[in-house]
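Engineer: Input my_file_5.cif, format and content: mmCIF, C-alpha atoms and all ligand atoms.
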data_run
loop_
_atom_site.group_PDB
_atom_site.id
_atom_site.type_symbol
_atom_site.label_atom_id
_atom_site.label_comp_id
_atom_site.auth_asym_id
_atom_site.auth_seq_id
_atom_site.Cartn_x
_atom_site.Cartn_y
_atom_site.Cartn_z
ATOM 1 C CA MET A 1 -8.321 3.553 10.329
ATOM 2 C CA ALA A 2 -8.758 6.832 8.485
ATOM 3 C CA ASP A 3 -11.297 9.308 9.766
ATOM 4 C CA PHE A 4 -14.518 9.203 7.824
ATOM 5 C CA MET A 5 -16.280 12.387 6.866
ATOM 6 C CA ILE A 6 -19.646 12.770 5.230
ATOM 7 C CA THR A 7 -18.987 15.038 2.307
ATOM 8 C CA ASP A 8 -21.337 17.408 0.547
ATOM 9 C CA ASP A 9 -21.807 14.980 -2.315
ATOM 10 C CA PHE A 10 -23.169 12.199 -0.089
ATOM 11 C CA PRO A 11 -26.308 10.913 -1.903
ATOM 12 C CA LYS A 12 -29.458 12.434 -0.489
ATOM 13 C CA SER A 13 -31.755 9.534 -1.326
ATOM 14 C CA GLU A 14 -31.822 5.868 -2.307
ATOM 15 C CA ILE A 15 -32.700 6.846 -5.879
ATOM 16 C CA GLU A 16 -29.766 9.226 -6.073
ATOM 17 C CA PHE A 17 -27.486 6.521 -4.680
ATOM 18 C CA ASP A 18 -28.720 3.890 -7.160
ATOM 19 C CA GLN A 19 -28.322 6.248 -10.111
ATOM 20 C CA ARG A 20 -24.817 7.184 -9.110
ATOM 21 C CA PHE A 21 -23.361 3.819 -8.089
ATOM 22 C CA SER A 22 -25.078 1.424 -10.474
ATOM 23 C CA ASP A 23 -21.884 0.231 -12.169
ATOM 24 C CA PRO A 24 -18.464 -0.857 -10.872
ATOM 25 C CA LYS A 25 -16.624 1.955 -12.652
ATOM 26 C CA ALA A 26 -18.561 4.601 -10.728
ATOM 27 C CA CYS A 27 -17.617 2.880 -7.461
ATOM 28 C CA TYR A 28 -13.936 2.687 -8.384
ATOM 29 C CA ASP A 29 -13.997 6.324 -9.536
ATOM 30 C CA TYR A 30 -15.401 7.308 -6.161
ATOM 31 C CA LEU A 31 -12.639 5.427 -4.321
ATOM 32 C CA PHE A 32 -10.058 6.889 -6.684
ATOM 33 C CA ASN A 33 -11.131 10.417 -5.746
ATOM 34 C CA GLN A 34 -11.006 9.533 -2.058
ATOM 35 C CA LYS A 35 -7.470 8.155 -2.358
ATOM 36 C CA TRP A 36 -6.090 10.714 -4.797
ATOM 37 C CA PRO A 37 -8.221 13.876 -4.552
ATOM 38 C CA THR A 38 -5.720 15.838 -6.647
ATOM 39 C CA GLY A 39 -5.001 13.032 -9.130
ATOM 40 C CA PHE A 40 -2.978 9.837 -9.159
ATOM 41 C CA VAL A 41 0.405 9.908 -7.412
ATOM 42 C CA CYS A 42 2.553 6.769 -7.319
ATOM 43 C CA LYS A 43 3.402 5.976 -3.709
ATOM 44 C CA ARG A 44 6.794 4.570 -4.734
ATOM 45 C CA CYS A 45 8.148 7.047 -7.287
ATOM 46 C CA GLY A 46 5.739 9.989 -7.246
ATOM 47 C CA HIS A 47 4.885 9.629 -10.947
ATOM 48 C CA ASP A 48 1.402 10.810 -12.000
ATOM 49 C CA ARG A 49 0.608 8.505 -14.939
ATOM 50 C CA TYR A 50 -1.064 5.121 -14.580
ATOM 51 C CA TRP A 51 -3.036 2.492 -16.391
ATOM 52 C CA VAL A 52 -5.808 0.281 -15.003
ATOM 53 C CA SER A 53 -5.504 -3.496 -15.191
ATOM 54 C CA ALA A 54 -8.405 -5.854 -15.818
ATOM 55 C CA ARG A 55 -8.450 -6.558 -12.071
ATOM 56 C CA ASN A 56 -8.800 -2.862 -11.260
ATOM 57 C CA LEU A 57 -5.246 -2.329 -10.146
ATOM 58 C CA TYR A 58 -3.803 1.123 -10.839
ATOM 59 C CA ILE A 59 -0.349 0.603 -12.243
ATOM 60 C CA CYS A 60 2.287 3.341 -12.407
ATOM 61 C CA THR A 61 3.554 3.700 -15.994
ATOM 62 C CA LYS A 62 7.049 4.564 -14.757
ATOM 63 C CA CYS A 63 7.922 2.039 -12.025
ATOM 64 C CA GLU A 64 4.977 -0.390 -12.548
ATOM 65 C CA CYS A 65 4.078 -0.270 -8.856
ATOM 66 C CA HIS A 66 0.589 -1.737 -8.302
ATOM 67 C CA HIS A 67 -1.948 0.308 -6.336
ATOM 68 C CA SER A 68 -5.220 -1.167 -5.167
ATOM 69 C CA LEU A 69 -8.194 0.924 -4.158
ATOM 70 C CA ILE A 70 -9.688 -1.823 -2.021
ATOM 71 C CA ALA A 71 -6.628 -3.412 -0.359
ATOM 72 C CA GLY A 72 -7.054 -3.357 3.384
ATOM 73 C CA THR A 73 -10.776 -2.574 3.162
ATOM 74 C CA ILE A 74 -13.709 -4.900 3.818
ATOM 75 C CA MET A 75 -14.096 -5.242 0.027
ATOM 76 C CA ASP A 76 -10.638 -6.776 -0.321
ATOM 77 C CA SER A 77 -10.577 -10.300 -1.814
ATOM 78 C CA SER A 78 -14.368 -10.450 -2.095
ATOM 79 C CA LYS A 79 -15.767 -12.341 -5.074
ATOM 80 C CA LYS A 80 -18.908 -10.189 -5.164
ATOM 81 C CA PRO A 81 -19.027 -7.110 -7.412
ATOM 82 C CA ILE A 82 -18.001 -3.845 -5.777
ATOM 83 C CA THR A 83 -21.502 -2.464 -6.443
ATOM 84 C CA TYR A 84 -22.847 -4.963 -3.876
ATOM 85 C CA TRP A 85 -20.473 -3.614 -1.252
ATOM 86 C CA PHE A 86 -21.414 -0.024 -2.020
ATOM 87 C CA LYS A 87 -25.086 -0.903 -1.737
ATOM 88 C CA ALA A 88 -24.468 -2.724 1.546
ATOM 89 C CA MET A 89 -22.489 0.207 2.954
ATOM 90 C CA TRP A 90 -25.152 2.685 1.872
ATOM 91 C CA TRP A 91 -27.858 0.563 3.441
ATOM 92 C CA PHE A 92 -25.876 -0.009 6.631
ATOM 93 C CA THR A 93 -25.058 3.645 7.187
ATOM 94 C CA THR A 94 -28.410 5.160 6.282
ATOM 95 C CA ARG A 95 -30.982 2.702 7.594
ATOM 96 C CA LYS A 96 -32.230 3.998 10.895
ATOM 97 C CA SER A 97 -34.943 1.431 11.589
ATOM 98 C CA GLY A 98 -32.467 -1.341 12.321
ATOM 99 C CA VAL A 99 -30.148 -3.704 10.512
ATOM 100 C CA ASN A 100 -29.884 -7.485 10.432
ATOM 101 C CA ALA A 101 -28.519 -10.220 8.219
ATOM 102 C CA VAL A 102 -31.967 -11.267 6.936
ATOM 103 C CA ASN A 103 -32.572 -7.742 5.589
ATOM 104 C CA LEU A 104 -29.137 -7.661 4.002
ATOM 105 C CA LYS A 105 -29.639 -11.095 2.412
ATOM 106 C CA GLU A 106 -32.885 -9.885 0.827
ATOM 107 C CA LEU A 107 -31.459 -6.526 -0.196
ATOM 108 C CA LEU A 108 -28.583 -8.078 -2.132
ATOM 109 C CA GLY A 109 -30.346 -11.262 -3.210
ATOM 110 C CA PHE A 110 -27.826 -13.555 -1.534
ATOM 111 C CA GLY A 111 -28.604 -17.262 -1.558
ATOM 112 C CA SER A 112 -26.951 -17.751 1.799
ATOM 113 C CA TYR A 113 -27.758 -16.250 5.172
ATOM 114 C CA GLY A 114 -24.161 -16.963 6.217
ATOM 115 C CA THR A 115 -22.736 -14.619 3.588
ATOM 116 C CA ALA A 116 -25.048 -11.811 4.679
ATOM 117 C CA TRP A 117 -24.148 -12.408 8.322
ATOM 118 C CA THR A 118 -20.401 -12.272 7.539
ATOM 119 C CA TRP A 119 -20.856 -9.049 5.575
ATOM 120 C CA LEU A 120 -22.772 -7.493 8.430
ATOM 121 C CA GLN A 121 -20.028 -8.391 10.906
ATOM 122 C CA LYS A 122 -17.480 -6.744 8.621
ATOM 123 C CA LEU A 123 -19.618 -3.623 8.282
ATOM 124 C CA ARG A 124 -20.105 -3.419 12.032
ATOM 125 C CA ARG A 125 -16.399 -3.769 12.704
ATOM 126 C CA CYS A 126 -15.773 -0.731 10.492
ATOM 127 C CA THR A 127 -17.796 1.459 12.797
ATOM 128 C CA ILE A 128 -15.378 0.955 15.687
ATOM 129 C CA ARG A 129 -12.558 3.447 15.733
ATOM 130 C CA ASP A 130 -9.163 2.196 16.849
ATOM 131 C CA GLN A 131 -8.333 5.170 19.030
ATOM 132 C CA ARG A 132 -11.535 6.119 20.710
ATOM 133 C CA GLU A 133 -11.657 9.077 23.029
ATOM 134 C CA LYS A 134 -14.567 10.683 24.874
ATOM 135 C CA LEU A 135 -16.903 12.827 22.811
ATOM 136 C CA SER A 136 -16.764 16.514 23.472
ATOM 137 C CA GLY A 137 -18.519 19.715 22.444
ATOM 138 C CA ARG A 138 -22.116 19.370 21.297
ATOM 139 C CA VAL A 139 -23.128 15.709 21.422
ATOM 140 C CA GLU A 140 -26.339 14.284 19.975
ATOM 141 C CA VAL A 141 -27.731 10.999 21.273
ATOM 142 C CA ASP A 142 -30.257 8.719 19.584
ATOM 143 C CA GLU A 143 -31.337 5.110 19.839
ATOM 144 C CA PHE A 144 -32.658 2.418 17.532
ATOM 145 C CA PHE A 145 -33.411 -1.290 17.601
ATOM 146 C CA ILE A 146 -31.681 -4.214 15.936
ATOM 147 C CA GLY A 147 -33.696 -7.335 15.117
ATOM 148 C CA ALA A 148 -36.377 -8.499 12.706
ATOM 149 C CA SER A 149 -39.900 -7.139 13.191
ATOM 150 C CA ARG A 150 -42.230 -9.410 15.134
ATOM 151 C CA PRO A 151 -45.834 -9.113 16.234
ATOM 152 C CA GLY A 152 -46.433 -7.713 19.703
ATOM 153 C CA GLN A 153 -45.276 -4.683 21.549
ATOM 154 C CA ARG A 154 -43.500 -2.058 19.509
ATOM 155 C CA GLY A 155 -40.574 0.171 20.319
ATOM 156 C CA ARG A 156 -38.904 0.187 23.710
ATOM 157 C CA GLY A 157 -39.263 -3.113 25.541
ATOM 158 C CA ALA A 158 -40.250 -5.164 22.472
ATOM 159 C CA ALA A 159 -39.178 -8.808 22.706
ATOM 160 C CA GLY A 160 -36.233 -10.066 20.702
ATOM 161 C CA LYS A 161 -34.814 -6.630 19.970
ATOM 162 C CA THR A 162 -31.523 -5.152 20.966
ATOM 163 C CA ILE A 163 -31.435 -1.475 21.730
ATOM 164 C CA VAL A 164 -28.489 0.420 20.313
ATOM 165 C CA ALA A 165 -27.601 3.872 21.546
ATOM 166 C CA VAL A 166 -25.676 6.171 19.247
ATOM 167 C CA ALA A 167 -23.905 9.367 20.176
ATOM 168 C CA VAL A 168 -22.272 11.733 17.729
ATOM 169 C CA GLU A 169 -20.121 14.791 18.127
ATOM 170 C CA ARG A 170 -21.394 17.725 16.070
HETATM 171 ZN ZN ZN A 201 5.791 4.653 -9.749
#
Rewrite the structure of this file - the entire thing - as structure tokens.

Structural biologist:
Amino acid sequence: MADFMITDDFPKSEIEFDQRFSDPKACYDYLFNQKWPTGFVCKRCGHDRYWVSARNLYICTKCECHHSLIAGTIMDSSKKPITYWFKAMWWFTTRKSGVNAVNLKELLGFGSYGTAWTWLQKLRRCTIRDQREKLSGRVEVDEFFIGASRPGQRGRGAAGKTIVAVAVER
């Protein structure tokens, strides 16, 4: 898995995110810039011209090699619009108060809890790096809770919640 870096143009608010990624083209443009920061380059022949098919495949005009921006990602072979995935990823990575499938189902207006649950599993799997090593340098540690809100005790020790500790290397 490629290293993920939060870049300077990471949206600073929900409103900014919604304005920027409201249509599929904006999402594909974002992925395009991640994959080819200096412009399209065919992985087979090195050519720099392409056309985009109706199924959002980037096709080299010289050798007709097909390039997908979502192959091998959690968005691959999903029937839902890419904007849903972007919204889910935004929500998953920025929501500090906790994440669960019920929230995700409501956020995206899914009819099925099962779909939301599957999406959440996929999102969670992305946060595990293949080659993990111990953190070093300046490390920040925080914690949050996973689980729907219920009446009763709040915070640490609340029933039905799972505590999640997070540590990041600065
Ligand atoms: Zn080519």

Engineer: Using all atoms listed in the file, find the one residue out of A:Glu143, A:Arg138, A:Phe40, A:Asn100 that sits nearest to Arg124 (chain A).

Structural biologist: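 Residue with the minimum atom-to-atom distance to Arg124 (chain A): A:Asn100.
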
Engineer: With distances taken over all atoms listed in the file, which of A:Val141, A:Ala54, A:Leu135, A:Arg95 is nearest to Glu169 (chain A)?

Structural biologist: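 Smallest distance to Glu169 (chain A) is found for A:Leu135.
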
Engineer: Enter the distance from CA of Glu106 (chain A) to CA of Lys25 (chain A), in Å, rounded to one decimal.

Structural biologist: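 So the answer is 24.2 Å.
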
Engineer: With a distance cut-off of 10 Å and only C-alpha atoms, select the neighbouring residues of Trp91 (chain A), excluding the residue or stretch itself and same-chain residues fewer than 4 positions from it, and output the selection as number ranges by chain.

Structural biologist: A: 14, 85-87, 95-96, 99, 103-104, 107

Engineer: Determine, counting only C-alpha atoms, which protein, DNA and RNA residues have an atom within 12 Å of an atom of Trp36 (chain A); residues of the same chain fewer than 4 positions away are not included. Present the result as a list in words.

Structural biologist: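 Selected residues are Tyr28, Asp29, Tyr30, Leu31, Phe32, Phe40, Val41, Cys42, Lys43, Asp48, Tyr58, His67, Ser68 and Leu69 of chain A.
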
Engineer: Between A:Thr61, A:Gln19, A:Ser136, A:Gln34, single out the one closest to ligand ZN 201 (chain A), counting all atoms listed in the file.

Structural biologist: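 Smallest distance to ligand ZN 201 (chain A) is found for A:Thr61.
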
Engineer: Wanna dump the chain A-ligand ZN 201 (chain A) contacts at 9 Å for me, each residue with its shortest atom pair and the distance in Å to one decimal, counting only C-alpha atoms and all ligand atoms, ordered by chain and number, as CSV?

Structural biologist:
residue,atom,partner,partner_atom,distance
A:Val41,CA,A:ZN201,ZN,7.9
A:Cys42,CA,A:ZN201,ZN,4.6
A:Lys43,CA,A:ZN201,ZN,6.6
A:Arg44,CA,A:ZN201,ZN,5.1
A:Cys45,CA,A:ZN201,ZN,4.2
A:Gly46,CA,A:ZN201,ZN,5.9
A:His47,CA,A:ZN201,ZN,5.2
A:Asp48,CA,A:ZN201,ZN,7.9
A:Arg49,CA,A:ZN201,ZN,8.3
A:Tyr50,CA,A:ZN201,ZN,8.4
A:Ile59,CA,A:ZN201,ZN,7.8
A:Cys60,CA,A:ZN201,ZN,4.6
A:Thr61,CA,A:ZN201,ZN,6.7
A:Lys62,CA,A:ZN201,ZN,5.2
A:Cys63,CA,A:ZN201,ZN,4.1
A:Glu64,CA,A:ZN201,ZN,5.8
A:Cys65,CA,A:ZN201,ZN,5.3
A:His66,CA,A:ZN201,ZN,8.4

Engineer: Written as a PDB file with C-alpha atoms, keeping the file's coordinate frame, what is the full residue list that the PyMOL selection byres (((chain A and resi 17) around 12) and not hetatm) yields on the file shown?

Structural biologist:
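Dumped to part.pdb:
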ATOM      1  CA  ASP A   9     -21.807  14.980  -2.315  1.00  0.00           C
ATOM      2  CA  PHE A  10     -23.169  12.199  -0.089  1.00  0.00           C
ATOM      3  CA  PRO A  11     -26.308  10.913  -1.903  1.00  0.00           C
ATOM      4  CA  LYS A  12     -29.458  12.434  -0.489  1.00  0.00           C
ATOM      5  CA  SER A  13     -31.755   9.534  -1.326  1.00  0.00           C
ATOM      6  CA  GLU A  14     -31.822   5.868  -2.307  1.00  0.00           C
ATOM      7  CA  ILE A  15     -32.700   6.846  -5.879  1.00  0.00           C
ATOM      8  CA  GLU A  16     -29.766   9.226  -6.073  1.00  0.00           C
ATOM      9  CA  ASP A  18     -28.720   3.890  -7.160  1.00  0.00           C
ATOM     10  CA  GLN A  19     -28.322   6.248 -10.111  1.00  0.00           C
ATOM     11  CA  ARG A  20     -24.817   7.184  -9.110  1.00  0.00           C
ATOM     12  CA  PHE A  21     -23.361   3.819  -8.089  1.00  0.00           C
ATOM     13  CA  SER A  22     -25.078   1.424 -10.474  1.00  0.00           C
ATOM     14  CA  ASP A  23     -21.884   0.231 -12.169  1.00  0.00           C
ATOM     15  CA  ALA A  26     -18.561   4.601 -10.728  1.00  0.00           C
ATOM     16  CA  CYS A  27     -17.617   2.880  -7.461  1.00  0.00           C
ATOM     17  CA  THR A  83     -21.502  -2.464  -6.443  1.00  0.00           C
ATOM     18  CA  PHE A  86     -21.414  -0.024  -2.020  1.00  0.00           C
ATOM     19  CA  LYS A  87     -25.086  -0.903  -1.737  1.00  0.00           C
ATOM     20  CA  ALA A  88     -24.468  -2.724   1.546  1.00  0.00           C
ATOM     21  CA  MET A  89     -22.489   0.207   2.954  1.00  0.00           C
ATOM     22  CA  TRP A  90     -25.152   2.685   1.872  1.00  0.00           C
ATOM     23  CA  TRP A  91     -27.858   0.563   3.441  1.00  0.00           C
ATOM     24  CA  THR A  94     -28.410   5.160   6.282  1.00  0.00           C
TER      25      THR A  94
END

Engineer: Provide the CA of Leu123 (chain A) to CA of Pro37 (chain A) distance in Å, to one decimal place.

Structural biologist: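 Computing it gives 24.5 Å between the two atoms.
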